[in-house]
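> Take this structure, written in structure tokens, and hold onto it; I'll ask about it next.
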Amino acid sequence: MLAKRYLNPRRAVLSSFTLISLMGVMLGVLVLVVVMAVYAGLERDVKGRLLGFTPHILVSVPPVMVDEEGKEQGRSWRDVAEEAKKVKGVSGATAYVADNVIVDVGTWQKPVSFRGIDTGDGVQVDGITKMLDLEKYPESTADMGLDDRVVVSSIIAEQFEIRVGDVIRLYSTRNFGSVMDAYKKTEKPVVREAYVAEWESARKVVEGEWPKEEGKYVVSGEVLDAGYNNLRKVYEEELIRDAEKEMLEDVLVAMQENDLDEERNVFLFSEENWESLKKVFGELAAADAEKLDGEALKGLKDIVLPKEAVVVGVYAASQMAVTPDIFMPLPLAQGLAGLDDEVQGISLRLDDPYKAEEVVVLARKELGPGLYMETWGDQYQAFFMLINQQRMMMYFALSFIVLVSAFSMMAVMFTVTIQKRREIGVMKALGAAPGQIVRVFLYQGMLLGLLGALLGVGLGRLVIHFRGGVQETMRALGFDPFSAQLTGFGVLPAYNDPLEQAVIAFMAFVLCSIAALVPAFFAAQSDAAKSLRNL
């Protein structure tokens with residue numbers, strides 16, 4: 001009762017000292033509760049977005065190889081996908097394709113990332129539908145079908161001023177290697193000029209005087225082998241025009257169309273084979289660089305021709321979350337990634353994404369070795385570690401507000417103990433033990449800590465509930481620290497974790513109790529006689 005009276009010595013609602021201490025604790029707890037709730041909401045919302053379209057488990061399947069006999073070695077991705085659907089906990093298995101393209105809109109070009117979506121998988125389509133920015137782009141839809149229709153991020157839409165219904169051009173980055181190779185080849189001279197020694201060796205063989213026996217042309221095995229090996233060496237060079245490579249192949253094939261006389265080590269060519277060799281070699285000798293280059297560059301049109309796609313939707317992207325710039329149907333993604341009918345992996349969707357590690361163990365047993373599997377937690381491990389580190393750093397930094405409030409309370413309690421020196425002296429003169437005096441001021445600090453913590457948590461939850469209105473008010477005043485362009489959210493997501501908020505309140509209560517204990521201890525040690533003389 002005495003501690004309660006000291007909180008209100010003048011019989012007012014609250015004394016100024018008490019009010020200052022209470023406000024400090026309350027504000028510290030309020031800020032900590034609000035910030036932690038927003039971080040928790042961001043994390044939960046980002047995870048929800050990612051799990052809507054990203055593979056819960058990504059299975060990398062080795063490509064099917066063909067042996068010398070033409071038999072396929074290994075399992076196709078479709079077979080693996082069918083087997084994966086039978087694994088306990090797996091709800092679906094679809095193709096996975098992700099790569100980069102260059103988007104071209106008007107005079108603007110930019111490399112962006114894309115993700116292929118199996119539009120027959122309703123879960124993936126629903127995941128993208130939930131992300132659509134229907135406030136700014138009400139016509140948006142995630143219905144891409146199998147046509148060249150795409151959904152782009154709000155970041156790309158704003159940068160390129162894209163609206164729903166606009167057409168964008170997509171250039172595959174896979175093409176540029178082919179383009180560069182083609183241009184490098186045009187910079188080299190033709191084969192007969194680039195490889196003079198090898199060319200002369202082969203020319204002497206083909207254009208030399210071959211003796212004729214019984215209607216067949218005869219050439220020494222050593223001579224023909226020398227010419228053949230030299231041309232073969234040139235054929236294996238990389239920077240040779242495709243047209244010349246084809247002609248070189250024809251010459252090499254023509255050189256092999258003969259009969260071998262092993263006793264004399266000579267080759268016999270029929271009249272027809274001899275004429276064929278002369279003809280294809282003559283075509284190679286007469287190759288014109290400018291004509292070949294013109295045909296090669298003309299063929300690049302098929303390589304670099306862009307894909308045109310219609311934007312059917314815009315989804316709200318956040319710079320705080322790693323998401324693709326463009327979602328597109330799987331066939332279009334395969335074409336831009338240069339995969340034809342192949343895929344980069346298989347996307348497994350689970351009944352419970354948070355049990356991905358357990359399902360991976362089962363999948364490895366049932367699908368067999370040779371398959372690399374990665375959970376969504378592994379894919380975004382660095383990103384979620386960054387969020388957790390930011391959250392812990394914020395928790396650490398904001399905890400100092402409560403700590404400073406506790407120090408302020410300690411200073412106030414020291415002032416109160418000085419003001420109450422006479423009363424402390426009277427209590428000690430009447431036989432009050434030091435512990436009793438300590439408890440008087442300790443209870444005062446505990447009451448302030450408890451009340452401040454409860455008010456802080458309550459007001460914090462109230463601010464979280466009305467956070468939309470708070471944001472609108474701040475924006476109206478020209479202050480917007482939570483821009484939708486940065487966060488990707490019109491209203492900041494938040495999640496009230498009762499356990500976390502209880503820990504924050506308890507921490508504030510403990511700090512305030514400790515803050516009150518120190519001045520209470522010194523007050524209990526004071527001399528009663530001196531206190532009564534107010535010295």
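In the structure tokens, chains take the letters A, B, ... in the order shown, each chain's residues start at 1, and ligands count up from 1 in the order shown.
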If we count only C-alpha atoms and set the cut-off at 12 Å, which residues sit around Gly116 in chain A, ignoring sequence neighbours fewer than 4 positions away in its own chain? Please answer as a ChimeraX atom specification.
/A:53-55,94-100,120-121,124-125,144-146,148-151,324-337,339,343-347
> Which residues are near Ile240 in chain A? Cut-off 7 Å, only C-alpha atoms, ignore same chain within fewer than 4 positions. Put them as a list in words.
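Listed by chain and then number, they are Lys185, Glu244 and Lys245 of chain A.
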> Which value, in Å to one decimal, gives the distance between CA of Leu239 in chain A and CA of Asp341 in chain A?
28.8 Å
> Here is a test: counting only C-alpha atoms, which residue of A:Asp259, A:Glu283, A:Glu200, A:Glu342 is nearest to Tyr217 in chain A?
A:Asp259
> In Å to one decimal, how far is CA of Leu284 in chain A from CA of Phe267 in chain A?
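Atom-to-atom, CA of Phe267 in chain A and CA of Leu284 in chain A are spaced 22.6 Å apart.
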> Can you tell me which residues surround Phe407 in chain A at a distance of at most 10 Å, considering only C-alpha atoms, apart from same-chain residues fewer than 5 positions away, and format the answer as number ranges by chain?
A: 21, 24, 401-402, 412-413, 511-512, 514-516
> Could you please take those selected residues and save C-alpha atoms as a CSV table (one decimal), in the first residue's frame?

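Heads up, here's the output in result18.csv:
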```csv
chain,number,residue,atom,x,y,z
A,21,SER,CA,8.7,6.5,-16.0
A,24,GLY,CA,9.2,5.5,-21.1
A,401,ILE,CA,14.9,1.7,-25.7
A,402,VAL,CA,13.4,-0.4,-22.9
A,412,VAL,CA,13.5,8.8,-10.9
A,413,MET,CA,13.6,6.2,-8.1
A,511,LEU,CA,14.4,-4.5,-16.2
A,512,CYS,CA,12.1,-2.1,-14.3
A,514,ILE,CA,16.1,-4.3,-11.3
A,515,ALA,CA,16.1,-0.5,-11.9
A,516,ALA,CA,14.0,0.0,-8.8
```
> Quick check for you: according to DSSP on this backbone, which residues of range 68-259 of chain A are classed as strand (DSSP E or B)? Reply as a VMD selection string.
chain A and resid 72 to 73 90 to 96 98 to 105 108 to 117 132 149 to 153 167 to 172 212 to 213 216 to 220 259
> Filtering to N, CA and C atoms, could you give me those residues as a tab-separated table (two decimals), in the first residue's frame?

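Generated output (part_20.tsv):
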```tsv
chain	number	residue	atom	x	y	z
A	72	GLU	N	18.77	-45.32	-75.52
A	72	GLU	CA	18.74	-44.27	-74.52
A	72	GLU	C	19.19	-44.81	-73.17
A	73	GLN	N	20.04	-44.03	-72.51
A	73	GLN	CA	20.56	-44.39	-71.20
A	73	GLN	C	20.01	-43.40	-70.17
A	90	VAL	N	4.01	-35.91	-51.32
A	90	VAL	CA	4.10	-35.14	-52.57
A	90	VAL	C	2.71	-35.02	-53.18
A	91	SER	N	2.28	-33.81	-53.44
A	91	SER	CA	0.96	-33.59	-54.02
A	91	SER	C	1.00	-33.34	-55.52
A	92	GLY	N	2.17	-33.02	-56.05
A	92	GLY	CA	2.28	-32.77	-57.49
A	92	GLY	C	3.72	-32.68	-57.93
A	93	ALA	N	3.96	-33.00	-59.21
A	93	ALA	CA	5.31	-32.93	-59.78
A	93	ALA	C	5.20	-32.36	-61.18
A	94	THR	N	5.82	-31.20	-61.41
A	94	THR	CA	5.75	-30.53	-62.70
A	94	THR	C	7.15	-30.13	-63.15
A	95	ALA	N	7.25	-29.78	-64.44
A	95	ALA	CA	8.53	-29.37	-65.00
A	95	ALA	C	8.98	-28.04	-64.43
A	96	TYR	N	10.30	-27.87	-64.33
A	96	TYR	CA	10.87	-26.63	-63.80
A	96	TYR	C	11.83	-26.05	-64.84
A	98	ALA	N	13.83	-22.20	-65.50
A	98	ALA	CA	14.11	-20.81	-65.09
A	98	ALA	C	15.37	-20.35	-65.78
A	99	ASP	N	15.36	-19.13	-66.29
A	99	ASP	CA	16.54	-18.63	-67.01
A	99	ASP	C	16.44	-17.11	-67.11
A	100	ASN	N	17.24	-16.54	-68.00
A	100	ASN	CA	17.26	-15.09	-68.21
A	100	ASN	C	16.94	-14.77	-69.67
A	101	VAL	N	16.29	-13.66	-69.87
A	101	VAL	CA	16.04	-13.13	-71.21
A	101	VAL	C	16.29	-11.63	-71.19
A	102	ILE	N	16.33	-11.06	-72.37
A	102	ILE	CA	16.40	-9.59	-72.48
A	102	ILE	C	15.03	-9.12	-72.93
A	103	VAL	N	14.40	-8.28	-72.11
A	103	VAL	CA	13.09	-7.75	-72.45
A	103	VAL	C	13.27	-6.44	-73.20
A	104	ASP	N	12.51	-6.29	-74.26
A	104	ASP	CA	12.63	-5.12	-75.14
A	104	ASP	C	11.25	-4.48	-75.26
A	105	VAL	N	11.17	-3.24	-74.76
A	105	VAL	CA	9.92	-2.49	-74.85
A	105	VAL	C	10.26	-1.10	-75.36
A	108	TRP	N	13.72	0.60	-74.74
A	108	TRP	CA	14.35	0.14	-73.51
A	108	TRP	C	14.59	-1.36	-73.57
A	109	GLN	N	15.76	-1.75	-73.13
A	109	GLN	CA	16.10	-3.17	-73.04
A	109	GLN	C	16.73	-3.43	-71.67
A	110	LYS	N	16.45	-4.60	-71.14
A	110	LYS	CA	17.00	-4.94	-69.82
A	110	LYS	C	17.00	-6.46	-69.65
A	111	PRO	N	18.09	-7.03	-69.11
A	111	PRO	CA	18.07	-8.47	-68.81
A	111	PRO	C	17.22	-8.74	-67.57
A	112	VAL	N	16.36	-9.72	-67.65
A	112	VAL	CA	15.47	-10.06	-66.54
A	112	VAL	C	15.44	-11.59	-66.39
A	113	SER	N	14.96	-12.03	-65.24
A	113	SER	CA	14.81	-13.46	-64.99
A	113	SER	C	13.37	-13.88	-65.26
A	114	PHE	N	13.20	-15.14	-65.63
A	114	PHE	CA	11.84	-15.65	-65.85
A	114	PHE	C	11.72	-17.04	-65.25
A	115	ARG	N	10.49	-17.44	-65.03
A	115	ARG	CA	10.17	-18.76	-64.49
A	115	ARG	C	9.05	-19.36	-65.31
A	116	GLY	N	9.25	-20.59	-65.75
A	116	GLY	CA	8.21	-21.29	-66.48
A	116	GLY	C	7.16	-21.85	-65.53
A	117	ILE	N	5.90	-21.73	-65.88
A	117	ILE	CA	4.80	-22.19	-65.04
A	117	ILE	C	3.99	-23.23	-65.81
A	132	LEU	N	-1.25	-11.04	-57.61
A	132	LEU	CA	-1.58	-9.99	-58.58
A	132	LEU	C	-1.88	-8.66	-57.90
A	149	ARG	N	1.68	-15.65	-73.48
A	149	ARG	CA	1.14	-14.66	-72.55
A	149	ARG	C	1.91	-14.75	-71.24
A	150	VAL	N	2.19	-13.60	-70.66
A	150	VAL	CA	3.06	-13.57	-69.48
A	150	VAL	C	2.48	-12.69	-68.39
A	151	VAL	N	2.98	-12.93	-67.17
A	151	VAL	CA	2.70	-12.07	-66.02
A	151	VAL	C	4.02	-11.46	-65.58
A	152	VAL	N	4.07	-10.14	-65.48
A	152	VAL	CA	5.33	-9.45	-65.15
A	152	VAL	C	5.23	-8.86	-63.74
A	153	SER	N	6.38	-8.57	-63.17
A	153	SER	CA	6.43	-7.98	-61.83
A	153	SER	C	6.08	-6.49	-61.91
A	167	VAL	N	2.32	-5.51	-75.53
A	167	VAL	CA	3.15	-6.58	-76.11
A	167	VAL	C	4.61	-6.27	-75.84
A	168	ILE	N	5.35	-7.24	-75.33
A	168	ILE	CA	6.78	-7.09	-75.08
A	168	ILE	C	7.54	-8.11	-75.92
A	169	ARG	N	8.80	-7.80	-76.23
A	169	ARG	CA	9.65	-8.72	-76.98
A	169	ARG	C	10.70	-9.32	-76.05
A	170	LEU	N	10.91	-10.59	-76.22
A	170	LEU	CA	11.84	-11.32	-75.35
A	170	LEU	C	12.94	-11.95	-76.21
A	171	TYR	N	14.19	-11.57	-75.93
A	171	TYR	CA	15.34	-12.14	-76.63
A	171	TYR	C	16.03	-13.14	-75.71
A	172	SER	N	16.18	-14.35	-76.18
A	172	SER	CA	16.83	-15.37	-75.37
A	172	SER	C	18.32	-15.09	-75.27
A	212	LYS	N	45.89	-44.93	-113.63
A	212	LYS	CA	44.63	-45.63	-113.78
A	212	LYS	C	44.87	-47.09	-114.13
A	213	GLU	N	44.25	-47.99	-113.36
A	213	GLU	CA	44.40	-49.42	-113.59
A	213	GLU	C	43.03	-50.06	-113.69
A	216	LYS	N	40.12	-47.92	-112.80
A	216	LYS	CA	40.08	-47.31	-111.47
A	216	LYS	C	41.33	-46.48	-111.23
A	217	TYR	N	41.15	-45.38	-110.53
A	217	TYR	CA	42.27	-44.51	-110.21
A	217	TYR	C	42.98	-45.04	-108.96
A	218	VAL	N	44.31	-45.00	-109.00
A	218	VAL	CA	45.12	-45.57	-107.93
A	218	VAL	C	45.89	-44.45	-107.23
A	219	VAL	N	45.84	-44.44	-105.87
A	219	VAL	CA	46.61	-43.46	-105.12
A	219	VAL	C	47.26	-44.17	-103.94
A	220	SER	N	48.48	-43.76	-103.62
A	220	SER	CA	49.22	-44.36	-102.50
A	220	SER	C	48.49	-44.12	-101.18
A	259	ASP	N	38.31	-48.50	-102.49
A	259	ASP	CA	38.66	-49.89	-102.16
A	259	ASP	C	40.14	-49.93	-101.80
```
> Could you pull out the helix (DSSP H, G or I) residues of range 124-330 of chain A from DSSP and send them as number ranges by chain?
A: 124-131, 154-160, 175-186, 191-194, 196-207, 221-235, 242-256, 271-285, 289-304, 330
> CA of Gly122 in chain A and CA of Pro138 in chain A, how far apart in Å?
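A separation of 21.0 Å between them.
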> Write out as a PyMOL selection string the residues lying within 12 Å of Lys47 in chain A, counting only C-alpha atoms and excluding same-chain residues fewer than 4 positions away.
chain A and resi 40-43+51-54+56+127+320-323+353-354+376-377+380-381+383-384+387
> Since we have the selection now, will you write its residues out, keeping N, CA and C atoms, as a CSV table (one decimal), in the first residue's frame?

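To be explicit, this is the file written out as selection_4.csv:
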```csv
chain,number,residue,atom,x,y,z
A,40,ALA,N,7.8,-10.2,-38.4
A,40,ALA,CA,7.2,-11.5,-38.4
A,40,ALA,C,6.2,-11.6,-39.6
A,41,GLY,N,5.4,-10.5,-39.8
A,41,GLY,CA,4.4,-10.5,-40.9
A,41,GLY,C,5.1,-10.5,-42.2
A,42,LEU,N,6.2,-9.8,-42.4
A,42,LEU,CA,6.9,-9.8,-43.6
A,42,LEU,C,7.5,-11.1,-44.0
A,43,GLU,N,8.0,-11.8,-42.9
A,43,GLU,CA,8.6,-13.1,-43.2
A,43,GLU,C,7.6,-14.1,-43.6
A,51,LEU,N,6.2,-19.8,-51.6
A,51,LEU,CA,5.7,-21.2,-51.6
A,51,LEU,C,4.6,-21.3,-52.6
A,52,GLY,N,4.0,-20.2,-53.1
A,52,GLY,CA,3.0,-20.3,-54.1
A,52,GLY,C,3.4,-20.7,-55.4
A,53,PHE,N,4.7,-20.4,-55.8
A,53,PHE,CA,5.1,-20.7,-57.1
A,53,PHE,C,6.5,-21.5,-57.1
A,54,THR,N,7.3,-21.3,-56.1
A,54,THR,CA,8.6,-21.9,-56.1
A,54,THR,C,8.5,-23.4,-55.8
A,56,HIS,N,8.7,-26.7,-53.9
A,56,HIS,CA,9.0,-27.1,-52.5
A,56,HIS,C,10.2,-28.0,-52.4
A,127,GLY,N,-1.3,-19.6,-56.9
A,127,GLY,CA,-0.3,-18.9,-56.2
A,127,GLY,C,0.1,-17.5,-56.8
A,320,MET,N,12.2,-6.7,-51.3
A,320,MET,CA,12.7,-7.5,-50.1
A,320,MET,C,12.7,-9.0,-50.3
A,321,ALA,N,12.1,-9.4,-51.5
A,321,ALA,CA,11.9,-10.8,-51.8
A,321,ALA,C,12.5,-11.1,-53.1
A,322,VAL,N,13.1,-12.2,-53.3
A,322,VAL,CA,13.7,-12.7,-54.6
A,322,VAL,C,12.6,-13.4,-55.3
A,323,THR,N,12.0,-12.8,-56.3
A,323,THR,CA,11.0,-13.4,-57.2
A,323,THR,C,11.4,-13.1,-58.6
A,353,PRO,N,4.7,-27.9,-47.0
A,353,PRO,CA,6.0,-27.4,-47.4
A,353,PRO,C,7.0,-27.4,-46.2
A,354,TYR,N,6.6,-27.3,-45.0
A,354,TYR,CA,7.5,-27.2,-43.9
A,354,TYR,C,8.0,-28.6,-43.5
A,376,TRP,N,13.0,-25.9,-50.7
A,376,TRP,CA,12.9,-24.5,-50.8
A,376,TRP,C,13.7,-23.7,-49.7
A,377,GLY,N,13.8,-24.4,-48.6
A,377,GLY,CA,14.7,-23.8,-47.5
A,377,GLY,C,16.1,-23.6,-48.0
A,380,TYR,N,16.5,-20.7,-50.7
A,380,TYR,CA,16.4,-19.4,-50.1
A,380,TYR,C,17.0,-19.2,-48.8
A,381,GLN,N,18.0,-20.1,-48.5
A,381,GLN,CA,18.6,-20.1,-47.2
A,381,GLN,C,19.3,-18.8,-46.9
A,383,PHE,N,18.6,-15.8,-48.1
A,383,PHE,CA,17.7,-14.8,-48.0
A,383,PHE,C,17.0,-14.8,-46.6
A,384,PHE,N,16.6,-16.0,-46.2
A,384,PHE,CA,15.9,-16.0,-44.9
A,384,PHE,C,16.9,-15.8,-43.7
A,387,ILE,N,17.0,-12.1,-43.4
A,387,ILE,CA,15.8,-11.6,-42.7
A,387,ILE,C,15.9,-11.8,-41.2
```
> Which is closest to Glu158 in chain A among A:Ala317, A:Ala411, A:Val470, A:Glu358, if we use only C-alpha atoms?
A:Ala317
> Excluding range 269-281 of chain A and residues on its chain fewer than 4 positions from it, collect all residues at most 9 Å away from it, counting only C-alpha atoms, and give them as an mmCIF file with all heavy atoms, in the first residue's frame.

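Output file selection.cif is given in full below:
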```cif
data_model
loop_
_atom_site.group_PDB
_atom_site.id
_atom_site.type_symbol
_atom_site.label_atom_id
_atom_site.label_comp_id
_atom_site.auth_asym_id
_atom_site.auth_seq_id
_atom_site.Cartn_x
_atom_site.Cartn_y
_atom_site.Cartn_z
ATOM 1 N N ARG A 203 45.425 -30.547 -101.450
ATOM 2 C CA ARG A 203 45.257 -30.187 -102.866
ATOM 3 C C ARG A 203 46.161 -31.033 -103.763
ATOM 4 O O ARG A 203 45.745 -31.470 -104.850
ATOM 5 C CB ARG A 203 45.579 -28.703 -103.055
ATOM 6 C CG ARG A 203 45.239 -28.167 -104.447
ATOM 7 C CD ARG A 203 45.655 -26.733 -104.588
ATOM 8 N NE ARG A 203 47.109 -26.591 -104.484
ATOM 9 C CZ ARG A 203 47.961 -26.855 -105.485
ATOM 10 N NH1 ARG A 203 47.507 -27.281 -106.660
ATOM 11 N NH2 ARG A 203 49.251 -26.698 -105.307
ATOM 12 N N VAL A 206 44.429 -34.428 -104.225
ATOM 13 C CA VAL A 206 43.228 -34.456 -105.054
ATOM 14 C C VAL A 206 43.523 -34.028 -106.487
ATOM 15 O O VAL A 206 43.007 -34.614 -107.454
ATOM 16 C CB VAL A 206 42.150 -33.543 -104.437
ATOM 17 C CG1 VAL A 206 40.899 -33.504 -105.323
ATOM 18 C CG2 VAL A 206 41.780 -34.023 -103.049
ATOM 19 N N GLU A 207 44.378 -33.034 -106.670
ATOM 20 C CA GLU A 207 44.634 -32.510 -108.014
ATOM 21 C C GLU A 207 45.853 -33.153 -108.673
ATOM 22 O O GLU A 207 46.229 -32.776 -109.776
ATOM 23 C CB GLU A 207 44.825 -30.991 -107.934
ATOM 24 C CG GLU A 207 43.574 -30.257 -107.462
ATOM 25 C CD GLU A 207 43.775 -28.761 -107.408
ATOM 26 O OE1 GLU A 207 44.918 -28.317 -107.700
ATOM 27 O OE2 GLU A 207 42.824 -28.024 -107.097
ATOM 28 N N GLY A 215 40.358 -49.290 -115.176
ATOM 29 C CA GLY A 215 39.236 -48.372 -115.039
ATOM 30 C C GLY A 215 39.130 -47.717 -113.673
ATOM 31 O O GLY A 215 38.152 -47.011 -113.402
ATOM 32 N N LYS A 216 40.116 -47.922 -112.798
ATOM 33 C CA LYS A 216 40.081 -47.309 -111.469
ATOM 34 C C LYS A 216 41.327 -46.477 -111.229
ATOM 35 O O LYS A 216 42.414 -46.843 -111.675
ATOM 36 C CB LYS A 216 39.954 -48.371 -110.378
ATOM 37 C CG LYS A 216 38.604 -49.092 -110.384
ATOM 38 C CD LYS A 216 38.458 -49.974 -109.158
ATOM 39 C CE LYS A 216 37.060 -50.604 -109.125
ATOM 40 N NZ LYS A 216 36.844 -51.425 -107.910
ATOM 41 N N TYR A 217 41.152 -45.380 -110.532
ATOM 42 C CA TYR A 217 42.275 -44.514 -110.209
ATOM 43 C C TYR A 217 42.976 -45.040 -108.960
ATOM 44 O O TYR A 217 42.336 -45.439 -107.986
ATOM 45 C CB TYR A 217 41.790 -43.089 -109.970
ATOM 46 C CG TYR A 217 41.310 -42.414 -111.241
ATOM 47 C CD1 TYR A 217 39.955 -42.447 -111.597
ATOM 48 C CD2 TYR A 217 42.206 -41.744 -112.063
ATOM 49 C CE1 TYR A 217 39.511 -41.839 -112.745
ATOM 50 C CE2 TYR A 217 41.757 -41.115 -113.216
ATOM 51 C CZ TYR A 217 40.419 -41.170 -113.559
ATOM 52 O OH TYR A 217 39.989 -40.562 -114.702
ATOM 53 N N VAL A 218 44.308 -44.999 -108.999
ATOM 54 C CA VAL A 218 45.120 -45.571 -107.929
ATOM 55 C C VAL A 218 45.894 -44.448 -107.232
ATOM 56 O O VAL A 218 46.499 -43.597 -107.899
ATOM 57 C CB VAL A 218 46.107 -46.617 -108.460
ATOM 58 C CG1 VAL A 218 46.924 -47.211 -107.308
ATOM 59 C CG2 VAL A 218 45.373 -47.708 -109.218
ATOM 60 N N VAL A 219 45.840 -44.441 -105.868
ATOM 61 C CA VAL A 219 46.611 -43.463 -105.117
ATOM 62 C C VAL A 219 47.258 -44.173 -103.942
ATOM 63 O O VAL A 219 46.681 -45.091 -103.337
ATOM 64 C CB VAL A 219 45.708 -42.314 -104.613
ATOM 65 C CG1 VAL A 219 44.623 -42.818 -103.681
ATOM 66 C CG2 VAL A 219 46.534 -41.246 -103.896
ATOM 67 N N MET A 247 31.204 -28.581 -96.445
ATOM 68 C CA MET A 247 31.950 -28.980 -97.644
ATOM 69 C C MET A 247 33.166 -29.827 -97.277
ATOM 70 O O MET A 247 33.512 -30.789 -97.979
ATOM 71 C CB MET A 247 32.374 -27.729 -98.432
ATOM 72 C CG MET A 247 31.212 -27.040 -99.146
ATOM 73 S SD MET A 247 31.720 -25.684 -100.249
ATOM 74 C CE MET A 247 31.952 -24.370 -99.061
ATOM 75 N N LEU A 248 33.820 -29.489 -96.178
ATOM 76 C CA LEU A 248 34.943 -30.304 -95.702
ATOM 77 C C LEU A 248 34.481 -31.725 -95.376
ATOM 78 O O LEU A 248 35.166 -32.705 -95.692
ATOM 79 C CB LEU A 248 35.561 -29.664 -94.455
ATOM 80 C CG LEU A 248 36.631 -28.602 -94.673
ATOM 81 C CD1 LEU A 248 36.954 -27.908 -93.363
ATOM 82 C CD2 LEU A 248 37.898 -29.228 -95.271
ATOM 83 N N ASP A 250 31.989 -33.271 -96.761
ATOM 84 C CA ASP A 250 31.739 -33.957 -98.039
ATOM 85 C C ASP A 250 33.048 -34.459 -98.644
ATOM 86 O O ASP A 250 33.101 -35.571 -99.207
ATOM 87 C CB ASP A 250 31.039 -33.011 -99.015
ATOM 88 C CG ASP A 250 29.620 -32.683 -98.569
ATOM 89 O OD1 ASP A 250 29.063 -33.461 -97.769
ATOM 90 O OD2 ASP A 250 29.085 -31.644 -99.009
ATOM 91 N N VAL A 251 34.116 -33.651 -98.558
ATOM 92 C CA VAL A 251 35.417 -34.062 -99.102
ATOM 93 C C VAL A 251 35.951 -35.278 -98.341
ATOM 94 O O VAL A 251 36.454 -36.245 -98.949
ATOM 95 C CB VAL A 251 36.420 -32.898 -99.034
ATOM 96 C CG1 VAL A 251 37.819 -33.368 -99.443
ATOM 97 C CG2 VAL A 251 35.984 -31.764 -99.945
ATOM 98 N N LEU A 252 35.851 -35.225 -97.017
ATOM 99 C CA LEU A 252 36.355 -36.337 -96.203
ATOM 100 C C LEU A 252 35.577 -37.621 -96.488
ATOM 101 O O LEU A 252 36.163 -38.720 -96.541
ATOM 102 C CB LEU A 252 36.256 -35.978 -94.717
ATOM 103 C CG LEU A 252 37.170 -34.846 -94.245
ATOM 104 C CD1 LEU A 252 36.837 -34.458 -92.792
ATOM 105 C CD2 LEU A 252 38.638 -35.257 -94.347
ATOM 106 N N VAL A 253 34.266 -37.498 -96.666
ATOM 107 C CA VAL A 253 33.457 -38.676 -96.994
ATOM 108 C C VAL A 253 33.842 -39.220 -98.367
ATOM 109 O O VAL A 253 33.962 -40.443 -98.563
ATOM 110 C CB VAL A 253 31.957 -38.318 -96.948
ATOM 111 C CG1 VAL A 253 31.114 -39.459 -97.517
ATOM 112 C CG2 VAL A 253 31.529 -38.008 -95.522
ATOM 113 N N ALA A 254 34.063 -38.313 -99.335
ATOM 114 C CA ALA A 254 34.444 -38.743 -100.686
ATOM 115 C C ALA A 254 35.798 -39.445 -100.679
ATOM 116 O O ALA A 254 36.024 -40.399 -101.436
ATOM 117 C CB ALA A 254 34.473 -37.545 -101.630
ATOM 118 N N MET A 255 36.718 -39.013 -99.815
ATOM 119 C CA MET A 255 38.027 -39.663 -99.725
ATOM 120 C C MET A 255 37.935 -41.085 -99.175
ATOM 121 O O MET A 255 38.809 -41.915 -99.421
ATOM 122 C CB MET A 255 38.959 -38.836 -98.831
ATOM 123 C CG MET A 255 39.519 -37.590 -99.482
ATOM 124 S SD MET A 255 40.719 -36.777 -98.407
ATOM 125 C CE MET A 255 41.432 -35.580 -99.541
ATOM 126 N N GLU A 257 35.414 -43.171 -99.839
ATOM 127 C CA GLU A 257 34.664 -44.040 -100.743
ATOM 128 C C GLU A 257 35.630 -44.668 -101.761
ATOM 129 O O GLU A 257 35.774 -44.200 -102.886
ATOM 130 C CB GLU A 257 33.560 -43.239 -101.441
ATOM 131 C CG GLU A 257 32.480 -42.761 -100.478
ATOM 132 C CD GLU A 257 31.418 -41.921 -101.159
ATOM 133 O OE1 GLU A 257 31.662 -41.502 -102.324
ATOM 134 O OE2 GLU A 257 30.373 -41.673 -100.556
ATOM 135 N N ASN A 258 36.322 -45.692 -101.310
ATOM 136 C CA ASN A 258 37.339 -46.342 -102.152
ATOM 137 C C ASN A 258 37.498 -47.785 -101.716
ATOM 138 O O ASN A 258 36.911 -48.238 -100.729
ATOM 139 C CB ASN A 258 38.668 -45.598 -102.058
ATOM 140 C CG ASN A 258 39.106 -45.440 -100.603
ATOM 141 O OD1 ASN A 258 39.307 -46.423 -99.889
ATOM 142 N ND2 ASN A 258 39.233 -44.187 -100.153
ATOM 143 N N ASP A 259 38.311 -48.502 -102.489
ATOM 144 C CA ASP A 259 38.664 -49.886 -102.159
ATOM 145 C C ASP A 259 40.139 -49.930 -101.805
ATOM 146 O O ASP A 259 40.967 -49.283 -102.455
ATOM 147 C CB ASP A 259 38.379 -50.813 -103.340
ATOM 148 C CG ASP A 259 36.901 -50.819 -103.701
ATOM 149 O OD1 ASP A 259 36.087 -50.805 -102.758
ATOM 150 O OD2 ASP A 259 36.570 -50.828 -104.897
ATOM 151 N N ALA A 285 37.350 -25.286 -102.853
ATOM 152 C CA ALA A 285 38.431 -24.409 -103.309
ATOM 153 C C ALA A 285 37.897 -23.091 -103.859
ATOM 154 O O ALA A 285 38.574 -22.063 -103.807
ATOM 155 C CB ALA A 285 39.268 -25.121 -104.366
ATOM 156 N N ALA A 286 36.664 -23.107 -104.361
ATOM 157 C CA ALA A 286 36.095 -21.900 -104.967
ATOM 158 C C ALA A 286 35.229 -21.105 -103.991
ATOM 159 O O ALA A 286 34.570 -20.142 -104.387
ATOM 160 C CB ALA A 286 35.265 -22.285 -106.192
#
```
> List the spatial neighbours of Arg467 in chain A as number ranges by chain - criterion: any atom at most 12 Å away, only C-alpha atoms, same-chain residues fewer than 6 positions off excluded.
A: 34-35, 37-38, 459-461, 473-474, 482, 490-495
